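Trainee: First the structure, which I've put down as structure tokens, then a few questions once you've had a look.
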Amino acid sequence: MHATTTSSHRSTRQASTAKKPRNFRWRVVDIVVASVIGVASGVIFWAWGLAWSPLSAILAFTPGLEGLLAGGWLFAGVLGGLIIRKPGAAVYTEVVAAVVSMLIGTQWGFSTLIWGVVEGLGAEIVLALFLYSNWRLGVALLAGAGAGVAVGLLDTTFTSYAALDFGYKVVYFVSAVVSGTVLAGLLSWLAVRGLARTGALSRFAAGREGSRAPSAAIS
Amino acid sequence: MLDTPPFPAGHGAQIRAVQIRARDWGWRHAGRHSQAVSGLDLQVTPGERVLLLGASGAGKSTLMHALAGVLGDAEDGDETGSLLIDGRRAAEARGRVGLVLQDPDSQVVLARVGDDVAFGCENLAVPRAEIWPRVRQALAEVGLDLPLDHPTSSLSGGQKQRLALAGVLAMRPGLLLLDEPTANLDPTGVIEVRDAVVRSLDHSGATFVVIEHRVEVWQDVVDRVIVLDPAGGVLADGPTREILSKQGERLAQAGVWVPALPPRFPTRSPITPAQTLLRAEGLAVGRVPFGRRAASVVAAGITLNLRAGTATVVTGPNGAGKSTLALTLAGLLKPAGGTLQASDTFAAGIVSEPHRWRSQQLLTRIGTVFQDPEHQFLAATVRADLQIGPRALGLSQAEQNSRVDELMHRLRLDHLADANPFTLSGGEKRRMSVATVLATRPRLLVLDEPTFGQDSRTWQELVTLLAELLDEGIALVAVTHDAQFVNALADEEYRLGMPDPIRLGTGAP
Amino acid sequence: MSLLTPTIRPSVVARLNPVAKLAVALIVSCALLLSIDWVSAGVALLLEAGLLLWCGLSARQFWLRTAPVWIAAPMAMITTVLYGEDSGALLWQFGFISVTEGSAQLGLAIGLRVLAIGLPGIVLLATTDPTDLADGLAQVLRLPARFVLGGLAGLRLVGMFIEDWHSLTLARRARGVGDGGGLRGAARRFFGPAFSLLVISVRRGSKLATAMEARGFGSDEPRTWARPSRVRAADAVLVGIGFAIAGIAIGVAVWAETWSFILA
């Protein structure tokens with residue numbers, strides 16, 4: 001608990017809401033926390049990859065709907081982008097996650113890396129379109145959808161899904177976008193909101209607004 | 001004033017001790033309304049050794065971070081006044097200052113011991129040919145006699161802290177800063193780290209500032225104590241003994257362990273006869289490693305009785321299996337061998353092996369307080385979290401509320417009812433984790449290192465509370481390294497890690 | 001075996017620069033992604049098999065690490081055979097599922113392709129120490145050191161996740177919510193600890209960042225490297241082999257007239 005200071009000669013009341021010059025340079029804490037999120041997501045990617053085989057086998061009887069599972073590999077970029085709020089955060093986090101799942105070993109080998117880059121870009125482009133200054137739910141959902149579009153295009157062009165009939169490809173593409181919106185967009189936004197409330201994001205702008213800072217309760 | 005000359009002849013006299021000067025310095029973290037530190041005026045001469053004290057929230061860690069130049073820029077907060085290291089801004093004095101933090105796990109940077117120590121040198125652009133001799137020397141200085149490619153993940157807490165110290169020493173800093181470096185260590189680890197620091201200071205003559213609420217660890221090493229005032233500026237400043245005797249009462253109030261003011265031991269009124277709740281016979285404990293079927297046994301041949309109103313402590317060196325034993329006694333892990341049986345009255349109508357009880361059946365029987373309180377937190381507010389247990393028991397809403405209100409009052413958590421458990425201070429987290437367990441009124445309490453890293457005030461409150469619970473007839477088993485805790489509460493001590501475990505009936509003090 | 005300090009047996013492959021390994025796997029993957037045909041995938045797989053023999057992995061390690069690929073390949077194959085683009089003679093039909101000569105051939109191609117892309121990546125990475133990879137990325141490829149080392153440091157924290165997860169699950173049992181609750185309870189038992197783990201790791205990451213900065217990390221000043229990462233002749237040979245595999249696979253497929261460019 002931070003006690004109120006008796007010697008606060010300068011008024012600091014408005015300071016927390018005052019606009020500061022935007023700083024797009026990554027601090028060390030940005031890099032390390034983005035990496036940690038990326039690494040943690042990478043482990044989940046890997047586990048998702050294991051679960052994917054049986055799940056997609058079930059969905060294989062409804063061809064194209066496997067796209068619904070794609071969101072499991074898309075949330076890292078949106079999550080990183082929403083927390084770090086710096087250009088490149090979505091791509092970086094998604095790539096780290098892809099590389100980590102690749103290090104542990106996935107059936108997609110090095111193409112995992114290429115997928116990571118493109119999926120990250122899908123989310124990144126949306127965040128960039130909003131000039132890295134809007135972090136509301138709508139933008140998070142769009143970023144998730146952006147990643148879904150990216151993976152939908154990739155999968156239906158370069159993977160075994162490329163061999164599917166056109167109708168199935170469309171189903172796949174739409175399912176991937178829906179999955180990205182929900183699993184990557186909505187879940188990431190909820191996670192960031194929850195994280196902010198635990199005070200874990202105190203060094204990030206994402207953790208300072210909307211959360212009740214302990215000292216705010218006193219003053 | 002100096003015990004050693006600041007320019008030792010031994011190693012080419014590369015180290016120049018640092019001077020610190022603060023003028024009306026202050027810092028406010030971004031997003032906070034109140035100042036972390038304000039109006040600080042301070043001067044530390046080269047080679048001085050300082051113990052920094054102050055109540056929680058007085059800004060000790062903020063000052064340390066500022067001295068190390070890691071407080072960040074305008075994005076992280078607002079700075080006022082000036083804080084100078086050898087006349088330069090702290091953030092620009094790169095490489096002149098070395099900082100070791102509290103948590104051993106979050107300071108290891110790289111996977112191999114040698115690489116980790118070399119990390120700081122690389123960042124300071126020390127030529128490669130010079131790095132490795134520095135690494136070897138630093139490792140020798142802190143007494144880590146390990147191959148350079150030894151994996152850092154296999155080190156103990158004390159070893160990790162010495163590794164962090166070596167990484168800092170290899171940079172040859174003129175100012176060594178330690179922020180509660182031993183709070184998370186067992187007594188052996190504390191001494192290892194302390195001795196390594198003293199050795200290196202005697203060698204380098206660097207200026208030294210340490211934060212530590214266990215004063216006895218450092219009181220013979222430092223020659224000056226500075227007490228920060230939570231209201232801003234310095235509360236007291238002077239020679240160690242003088243400040244400790246003058247400010248003793250006040251410091252103890254703030255949670256500092258002042259050696260002249262030992263904690264009070266509660267008086268107990270034991271109940272008789274002490275009825276057995278849980279009995280272990282030839283018990284072997286172990287965990288099932290990831291991806292394996294069979295448990296790897298860490299301790300075996302354990303025979304003990306847990307009785308109502310009786311405090312049993314489990315002691316022993318690191319790695320002897322104390323925590324694993326605690327988790328097994330708590331019914332969370334399956335015994336790897338032998339038997340663990342609840343008495344008929346304790347089991348009260350269900351099977352006698354605790355690990356076969358359902359999660360909800362455990363609630364009224366065994367409560368477990370984990371070493372890291374954060375592992376126990378489930379809900380977004382203190383009140384909601386405390387209600388989880390009573391709700392799982394199916395109690396009425398009125399009963400849930402009355403239990404929670406009573407507990408929050410008893411453990412001084414009322415004002416935090418709507419706070420997120422993760423935002424609490426260390427002492428509050430510990431009280432909270434005990435409260436979550438007490439909410440379902442279990443008859444046996446299992447505690448894993450309950451007093452670890454706690455300040456004297458929390459310690460006192462915790463011991464008093466546990467004594468009350470014992471008098472109410474609750475059985476208690478605690479894994480601990482804390483000798484004072486053992487003296488204050490233990491009726492029986494069980495030492496693990498001996499070739500043959502022996503039971504000492506110490507009796508109530 | 002640990003991910004961060006893997007037990008890597010001394011072998012030709014283990015001594016190669018990780019960046020060269022990365023390049024080879026990328027070259028082969030990219031070449032194979034350009035076409036879906038069984039000839040290019042099959043040829044690449046055959047040539048890779050020769051290379052995998054000296055990778056230095058024990059048989060147990062090899063099968064353990066590559067297990068996901070061996071499961072995925074037949075799965076992808078069956079899906080394609082059943083739902084793949086149909087052409088040629090109809091072999092079997094059931095509802096909207098149809099197997100034709102064309103879809104069967106596509107299935108074979110997809111199965112081989114999953115193996116040919118998956119195996120070299122896993123095997124080359126299983127023989128690579130992450131620290132060496134980071135050294136290579138920063139010194140050979142000149143990627144920004146702040147990001148490479150920040151990423152490497154983040155990777156180290158994973159080692160603690162398993163331990164944390166274990167405690168978090170036990171704590172849930174101790175608090176009365178460790179079982180029951182049906183599907184909702186099961187979902188809670190996954191998302192609850194997962195969120196706690198996220199909180200704990202972000203905190204740990206923030207502290208680690210401070211510890212790294214305290215050791216002079218993160219400025220724009222030049223830094224030195226205690227471990228040099230060098231590219232030797234053997235590495236150039238490896239990259240050459242990569243190009244050769246890619247070239248031969250494409251060449252044979254074009255010659256056999258099975259090459260089907262993916263965007264065509």
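Lettering and numbering for the structure tokens are positional, with chains as A, B, ... in the shown order, residues counted from 1 in each chain, and ligands counted from 1 in the shown order.
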Up to 6 Å from chain C, what residues of chain B turn up? Count only C-alpha atoms and give them as a PyMOL selection string.
Mentor: chain B and resi 99+106-107+109+120+122-123+125+128+359-360+363+375-376
Trainee: Got time to write the residues from that selection, C-alpha atoms, as a PDB file, in the first residue's frame?
Mentor:
ATOM      1  CA  LEU B  99      21.553  -4.765  -8.370  1.00  0.00           C
ATOM      2  CA  SER B 106      13.229 -14.299 -11.946  1.00  0.00           C
ATOM      3  CA  GLN B 107      16.860 -13.240 -12.062  1.00  0.00           C
ATOM      4  CA  VAL B 109      18.754 -14.894 -17.582  1.00  0.00           C
ATOM      5  CA  GLY B 120      26.399  -8.410 -17.872  1.00  0.00           C
ATOM      6  CA  GLU B 122      28.639  -8.712 -22.809  1.00  0.00           C
ATOM      7  CA  ASN B 123      26.172  -5.864 -22.366  1.00  0.00           C
ATOM      8  CA  ALA B 125      30.975  -4.566 -24.277  1.00  0.00           C
ATOM      9  CA  ARG B 128      35.602 -11.557 -25.198  1.00  0.00           C
ATOM     10  CA  SER B 359     -12.185 -32.295  -3.269  1.00  0.00           C
ATOM     11  CA  GLN B 360     -15.276 -31.072  -1.412  1.00  0.00           C
ATOM     12  CA  LEU B 363     -12.755 -28.923   2.877  1.00  0.00           C
ATOM     13  CA  HIS B 375      -1.336 -20.455  -6.089  1.00  0.00           C
ATOM     14  CA  GLN B 376      -4.495 -20.582  -3.944  1.00  0.00           C
TER      15      GLN B 376
END
Trainee: Leaving out C:Glu101 and any residue of its chain fewer than 6 positions from it, which residues lie within 10 Å of it when counting only C-alpha atoms, given as a list in words?
Mentor: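 My reading of the contact set: Val81, Asp86, Ser87, Gly88, Ala89, Leu90, Leu91, Trp92 and Gly107 of chain C.
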Trainee: Any idea what the distance is between atom CA of B:Ala166 and atom CA of C:Val202?
Mentor: 25.6 Å
Trainee: Using only C-alpha atoms, which protein or nucleic acid residues come within 10 Å of stretch 398-402 of chain B? Drop anything in the same chain fewer than 2 positions from it, and give the result as number ranges by chain.
Mentor: B: 383, 386-391, 393-396, 404-408, 439-440
Trainee: Using C-alpha atoms, can you export the residues from the last selection as an mmCIF file, in the first residue's frame?
Mentor:
data_model
loop_
_atom_site.group_PDB
_atom_site.id
_atom_site.type_symbol
_atom_site.label_atom_id
_atom_site.label_comp_id
_atom_site.auth_asym_id
_atom_site.auth_seq_id
_atom_site.Cartn_x
_atom_site.Cartn_y
_atom_site.Cartn_z
ATOM 1 C CA ARG B 383 -14.684 -11.531 -0.574
ATOM 2 C CA LEU B 386 -13.302 -16.428 0.636
ATOM 3 C CA GLN B 387 -16.837 -17.489 -0.276
ATOM 4 C CA ILE B 388 -15.742 -20.260 -2.628
ATOM 5 C CA GLY B 389 -15.131 -22.830 0.108
ATOM 6 C CA PRO B 390 -18.379 -22.205 2.063
ATOM 7 C CA ARG B 391 -20.343 -22.260 -1.198
ATOM 8 C CA LEU B 393 -19.989 -26.943 1.101
ATOM 9 C CA GLY B 394 -23.512 -25.872 0.192
ATOM 10 C CA LEU B 395 -23.932 -23.539 3.168
ATOM 11 C CA SER B 396 -26.773 -21.016 3.186
ATOM 12 C CA VAL B 404 -16.610 -14.537 5.566
ATOM 13 C CA ASP B 405 -17.297 -11.330 7.489
ATOM 14 C CA GLU B 406 -16.006 -12.833 10.707
ATOM 15 C CA LEU B 407 -12.815 -14.082 9.022
ATOM 16 C CA MET B 408 -12.111 -10.815 7.237
ATOM 17 C CA ALA B 439 -13.549 -20.446 5.965
ATOM 18 C CA THR B 440 -14.541 -24.119 5.794
#
Trainee: Report the distance between atom CA of C:Met75 and atom CA of C:Ala31 in Å, rounded to one decimal place.
Mentor: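 About the pair atom CA of C:Met75 and atom CA of C:Ala31: they are 22.5 Å apart.
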Trainee: Taking the DSSP secondary structure from the backbone, can you list the residues of stretch 275-507 of chain B that are helix (DSSP H, G or I), as a ChimeraX atom specification?
Mentor: /B:322-329,344-347,354-356,359-363,373-376,382-392,397-410,414-416,421-423,426-438,456-471,483-489
Trainee: Up to 7 Å from chain A, what residues of chain C turn up? Count only C-alpha atoms and give them as a VMD selection string.
Mentor: chain C and resid 25 to 26 29 33 65 68 to 69 72 76 79 to 80 83 to 85 110 114 117 to 119 121 to 122 125 147 150 to 151 154 to 155 158 199 201 to 203 205 to 206 209 218 262
Trainee: For the selection you just gave me, I'd like the residues written to a file as a tab-separated table (two decimals), in the first residue's frame, keeping N, CA, C and O atoms.
Mentor:
chain	number	residue	atom	x	y	z
C	25	ALA	N	16.17	-26.19	-43.54
C	25	ALA	CA	14.79	-26.61	-43.34
C	25	ALA	C	13.83	-25.65	-44.04
C	25	ALA	O	12.81	-26.08	-44.59
C	26	LEU	N	14.15	-24.36	-44.00
C	26	LEU	CA	13.30	-23.38	-44.68
C	26	LEU	C	13.29	-23.58	-46.18
C	26	LEU	O	12.24	-23.53	-46.83
C	29	SER	N	11.30	-26.73	-46.96
C	29	SER	CA	9.87	-26.51	-46.70
C	29	SER	C	9.25	-25.66	-47.78
C	29	SER	O	8.18	-25.99	-48.31
C	33	LEU	N	6.24	-26.62	-50.31
C	33	LEU	CA	4.93	-25.98	-50.16
C	33	LEU	C	4.38	-25.49	-51.49
C	33	LEU	O	3.19	-25.22	-51.63
C	65	ARG	N	10.29	-37.66	-30.58
C	65	ARG	CA	10.15	-36.28	-31.04
C	65	ARG	C	9.31	-36.18	-32.32
C	65	ARG	O	8.63	-35.20	-32.56
C	68	PRO	N	4.42	-36.73	-33.44
C	68	PRO	CA	3.29	-35.96	-33.98
C	68	PRO	C	3.19	-36.04	-35.50
C	68	PRO	O	2.09	-36.11	-36.06
C	69	VAL	N	4.32	-36.06	-36.18
C	69	VAL	CA	4.31	-36.11	-37.64
C	69	VAL	C	3.75	-37.44	-38.14
C	69	VAL	O	2.98	-37.48	-39.09
C	72	ALA	N	0.09	-37.28	-37.71
C	72	ALA	CA	-0.58	-36.29	-38.56
C	72	ALA	C	-0.62	-36.73	-40.02
C	72	ALA	O	-1.62	-36.48	-40.71
C	76	ALA	N	-3.96	-36.58	-42.33
C	76	ALA	CA	-4.12	-35.64	-43.43
C	76	ALA	C	-4.42	-36.40	-44.72
C	76	ALA	O	-5.22	-35.98	-45.55
C	79	THR	N	-8.13	-37.66	-44.74
C	79	THR	CA	-9.05	-36.55	-44.98
C	79	THR	C	-9.06	-36.19	-46.44
C	79	THR	O	-10.13	-35.97	-47.04
C	80	THR	N	-7.86	-36.11	-47.06
C	80	THR	CA	-7.78	-35.70	-48.45
C	80	THR	C	-8.39	-36.75	-49.38
C	80	THR	O	-9.10	-36.41	-50.32
C	83	TYR	N	-12.21	-36.27	-48.92
C	83	TYR	CA	-12.84	-35.00	-49.29
C	83	TYR	C	-12.08	-34.22	-50.35
C	83	TYR	O	-12.48	-33.14	-50.72
C	84	GLY	N	-10.95	-34.73	-50.78
C	84	GLY	CA	-10.12	-34.01	-51.72
C	84	GLY	C	-10.84	-33.77	-53.05
C	84	GLY	O	-11.88	-34.41	-53.36
C	85	GLU	N	-10.27	-32.84	-53.81
C	85	GLU	CA	-10.82	-32.51	-55.13
C	85	GLU	C	-10.88	-33.78	-55.97
C	85	GLU	O	-9.89	-34.49	-56.13
C	110	ILE	N	-0.27	-35.54	-50.12
C	110	ILE	CA	-0.37	-34.78	-48.88
C	110	ILE	C	0.33	-35.51	-47.73
C	110	ILE	O	1.09	-34.92	-46.96
C	114	VAL	N	3.51	-33.93	-45.66
C	114	VAL	CA	3.56	-33.66	-44.22
C	114	VAL	C	4.84	-34.25	-43.62
C	114	VAL	O	5.53	-33.60	-42.83
C	117	ILE	N	8.06	-32.30	-44.90
C	117	ILE	CA	8.22	-30.97	-44.32
C	117	ILE	C	8.47	-31.07	-42.82
C	117	ILE	O	9.30	-30.36	-42.26
C	118	GLY	N	7.77	-32.00	-42.16
C	118	GLY	CA	7.84	-32.10	-40.71
C	118	GLY	C	9.13	-32.69	-40.18
C	118	GLY	O	9.72	-32.15	-39.24
C	119	LEU	N	9.58	-33.80	-40.76
C	119	LEU	CA	10.71	-34.52	-40.18
C	119	LEU	C	12.00	-33.70	-40.08
C	119	LEU	O	12.59	-33.63	-39.00
C	121	GLY	N	12.61	-30.56	-39.92
C	121	GLY	CA	12.49	-29.46	-38.96
C	121	GLY	C	12.68	-29.97	-37.55
C	121	GLY	O	13.49	-29.44	-36.78
C	122	ILE	N	11.95	-31.02	-37.21
C	122	ILE	CA	12.02	-31.54	-35.84
C	122	ILE	C	13.41	-32.07	-35.54
C	122	ILE	O	13.99	-31.78	-34.50
C	125	LEU	N	16.05	-29.33	-35.19
C	125	LEU	CA	15.87	-28.56	-33.96
C	125	LEU	C	16.19	-29.36	-32.72
C	125	LEU	O	16.69	-28.83	-31.73
C	147	PHE	N	15.91	-8.18	-28.98
C	147	PHE	CA	14.77	-9.08	-29.17
C	147	PHE	C	15.19	-10.55	-29.07
C	147	PHE	O	14.50	-11.36	-28.47
C	150	GLY	N	15.98	-11.19	-25.40
C	150	GLY	CA	14.74	-11.09	-24.63
C	150	GLY	C	13.90	-12.35	-24.83
C	150	GLY	O	13.34	-12.90	-23.89
C	151	GLY	N	13.83	-12.80	-26.08
C	151	GLY	CA	13.09	-14.01	-26.38
C	151	GLY	C	13.69	-15.24	-25.72
C	151	GLY	O	12.99	-16.06	-25.14
C	154	GLY	N	12.88	-15.23	-22.12
C	154	GLY	CA	11.48	-15.61	-21.92
C	154	GLY	C	11.32	-17.12	-22.01
C	154	GLY	O	10.59	-17.73	-21.23
C	155	LEU	N	12.03	-17.72	-22.94
C	155	LEU	CA	11.97	-19.17	-23.14
C	155	LEU	C	12.36	-19.92	-21.86
C	155	LEU	O	11.78	-20.93	-21.52
C	158	VAL	N	9.72	-20.95	-19.21
C	158	VAL	CA	8.79	-22.07	-19.43
C	158	VAL	C	9.09	-23.23	-18.52
C	158	VAL	O	8.18	-23.94	-18.09
C	199	VAL	N	-0.87	-14.68	-15.08
C	199	VAL	CA	-0.55	-13.62	-14.12
C	199	VAL	C	0.87	-13.81	-13.58
C	199	VAL	O	1.70	-12.89	-13.59
C	201	SER	N	3.36	-15.50	-14.80
C	201	SER	CA	4.45	-15.35	-15.76
C	201	SER	C	4.66	-13.91	-16.20
C	201	SER	O	5.79	-13.51	-16.45
C	202	VAL	N	3.58	-13.14	-16.30
C	202	VAL	CA	3.77	-11.73	-16.66
C	202	VAL	C	4.55	-11.01	-15.55
C	202	VAL	O	5.46	-10.23	-15.80
C	203	ARG	N	4.20	-11.32	-14.29
C	203	ARG	CA	4.94	-10.76	-13.16
C	203	ARG	C	6.41	-11.13	-13.23
C	203	ARG	O	7.29	-10.30	-13.09
C	205	GLY	N	8.09	-12.12	-15.71
C	205	GLY	CA	8.71	-11.47	-16.86
C	205	GLY	C	9.10	-10.04	-16.55
C	205	GLY	O	10.20	-9.60	-16.91
C	206	SER	N	8.22	-9.30	-15.85
C	206	SER	CA	8.54	-7.92	-15.51
C	206	SER	C	9.76	-7.86	-14.60
C	206	SER	O	10.63	-7.00	-14.77
C	209	ALA	N	12.88	-8.62	-16.55
C	209	ALA	CA	13.28	-7.47	-17.36
C	209	ALA	C	14.10	-6.49	-16.51
C	209	ALA	O	15.14	-5.99	-16.95
C	218	GLY	N	19.80	-3.74	-22.85
C	218	GLY	CA	18.70	-2.98	-23.40
C	218	GLY	C	19.06	-1.63	-23.97
C	218	GLY	O	18.22	-0.97	-24.55
C	262	ILE	N	1.06	-24.56	-56.88
C	262	ILE	CA	-0.09	-24.36	-56.02
C	262	ILE	C	-0.96	-23.17	-56.44
C	262	ILE	O	-2.16	-23.17	-56.25
Trainee: I'd like a table as a tab-separated table: residues in chain B with an atom no more than 6 Å from chain A, each row giving the shortest atom pair and its distance in Å to one decimal, only C-alpha atoms counted, sorted by chain and rising residue number.
Mentor:
residue	atom	partner	partner_atom	distance
B:Gly31	CA	A:Ser16	CA	4.8
B:Ser34	CA	A:Thr4	CA	5.6
B:Gly57	CA	A:His2	CA	4.9
B:Ala231	CA	A:Thr5	CA	4.7
B:Asn420	CA	A:Thr198	CA	5.9
B:Phe422	CA	A:Thr198	CA	5.1
B:Thr423	CA	A:Gly199	CA	5.6
Trainee: What does the structure give for the distance between atom CA of B:Arg199 and atom CA of B:Glu141, in Å to one decimal?
Mentor: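 Atom CA of B:Glu141 lies 7.1 Å from atom CA of B:Arg199.
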Trainee: I want to know what sits within 7 Å of A:Gly77, based on only C-alpha atoms, with residues of the same chain fewer than 6 positions away left out; could you give that as a list in words?
Mentor: Ala90, Val91, Thr93, Glu94, Gly120 and Ala123 of chain A
Trainee: Neighbours of B:Ala467 within 12 Å (only C-alpha atoms; same-chain residues fewer than 6 positions away dropped), as a list in words?
Mentor: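 In the requested format, the answer is Phe265, Pro266, Thr267, Arg268, Ser269, Pro270, Ile271, Gly309, Thr310, Ala311, Gln460, Glu461, Gly473, Ile474, Ala475, Leu476, Phe485, Ala488, Leu489, Ala490, Asp491 and Ala508 of chain B.
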Trainee: I'd like the contact shell of stretch 214-227 of chain B - 7 Å cut-off, only C-alpha atoms, skipping same-chain residues fewer than 2 positions apart - returned as a list in words.
Mentor: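 Here the answer would be Arg49, Val50, Leu51, Leu52, Leu53, Gly54, Glu212, Asp229, Val234, Leu235, Ala236, Asp237, Gly238, Pro239, Thr240, Ile243, Val256, Trp257, Val258 and Pro259 of chain B.
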Trainee: Which residues come within 12 Å of A:Val182, counting only C-alpha atoms, excluding same-chain residues fewer than 5 positions away, as a ChimeraX atom specification?
Mentor: /A:68-72,74-75,78,137-138,140-148,175-177,187-190
Trainee: Output the selection as a PDB file, in the first residue's frame - C-alpha atoms for each residue.
Mentor:
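Generated output (out_38.pdb):
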ATOM      1  CA  LEU A  68     -13.105 -23.599 -36.247  1.00  0.00           C
ATOM      2  CA  LEU A  69     -10.001 -24.992 -34.564  1.00  0.00           C
ATOM      3  CA  ALA A  70      -7.643 -22.462 -36.178  1.00  0.00           C
ATOM      4  CA  GLY A  71      -8.272 -19.840 -33.486  1.00  0.00           C
ATOM      5  CA  GLY A  72      -6.247 -21.912 -31.034  1.00  0.00           C
ATOM      6  CA  LEU A  74      -4.156 -17.129 -33.311  1.00  0.00           C
ATOM      7  CA  PHE A  75      -4.629 -15.717 -29.810  1.00  0.00           C
ATOM      8  CA  VAL A  78      -3.798 -10.462 -30.364  1.00  0.00           C
ATOM      9  CA  LEU A 137     -13.311  -4.894 -27.553  1.00  0.00           C
ATOM     10  CA  GLY A 138     -14.335  -4.161 -31.147  1.00  0.00           C
ATOM     11  CA  ALA A 140      -9.696  -6.858 -30.411  1.00  0.00           C
ATOM     12  CA  LEU A 141     -12.410  -8.825 -32.241  1.00  0.00           C
ATOM     13  CA  LEU A 142     -11.335  -7.344 -35.568  1.00  0.00           C
ATOM     14  CA  ALA A 143      -7.705  -8.192 -34.861  1.00  0.00           C
ATOM     15  CA  GLY A 144      -8.738 -11.774 -34.121  1.00  0.00           C
ATOM     16  CA  ALA A 145     -10.749 -11.805 -37.340  1.00  0.00           C
ATOM     17  CA  GLY A 146      -7.712 -10.400 -39.184  1.00  0.00           C
ATOM     18  CA  ALA A 147      -5.597 -13.279 -37.972  1.00  0.00           C
ATOM     19  CA  GLY A 148      -8.421 -15.610 -39.009  1.00  0.00           C
ATOM     20  CA  SER A 175     -14.930 -20.975 -39.886  1.00  0.00           C
ATOM     21  CA  ALA A 176     -11.342 -19.801 -39.472  1.00  0.00           C
ATOM     22  CA  VAL A 177     -12.445 -16.155 -39.341  1.00  0.00           C
ATOM     23  CA  LEU A 187     -10.658 -14.471 -25.193  1.00  0.00           C
ATOM     24  CA  SER A 188      -7.548 -12.278 -25.438  1.00  0.00           C
ATOM     25  CA  TRP A 189      -9.518  -9.156 -24.619  1.00  0.00           C
ATOM     26  CA  LEU A 190     -11.021 -10.869 -21.562  1.00  0.00           C
TER      27      LEU A 190
END
Trainee: Would you mind writing down, as a PyMOL selection string, each residue of stretch 13-147 of chain C that DSSP on the backbone assigns to strand (DSSP E or B)?
Mentor: chain C and resi 35+84+90-94+97-100
Trainee: Choose the residue, out of B:Ser456, B:Ser153, B:Thr182, B:Thr207, that has the smallest atom-to-atom separation from B:Ala254; count only C-alpha atoms.
Mentor: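 Looking at the shortest contact to B:Ala254, the residue is B:Ser456.
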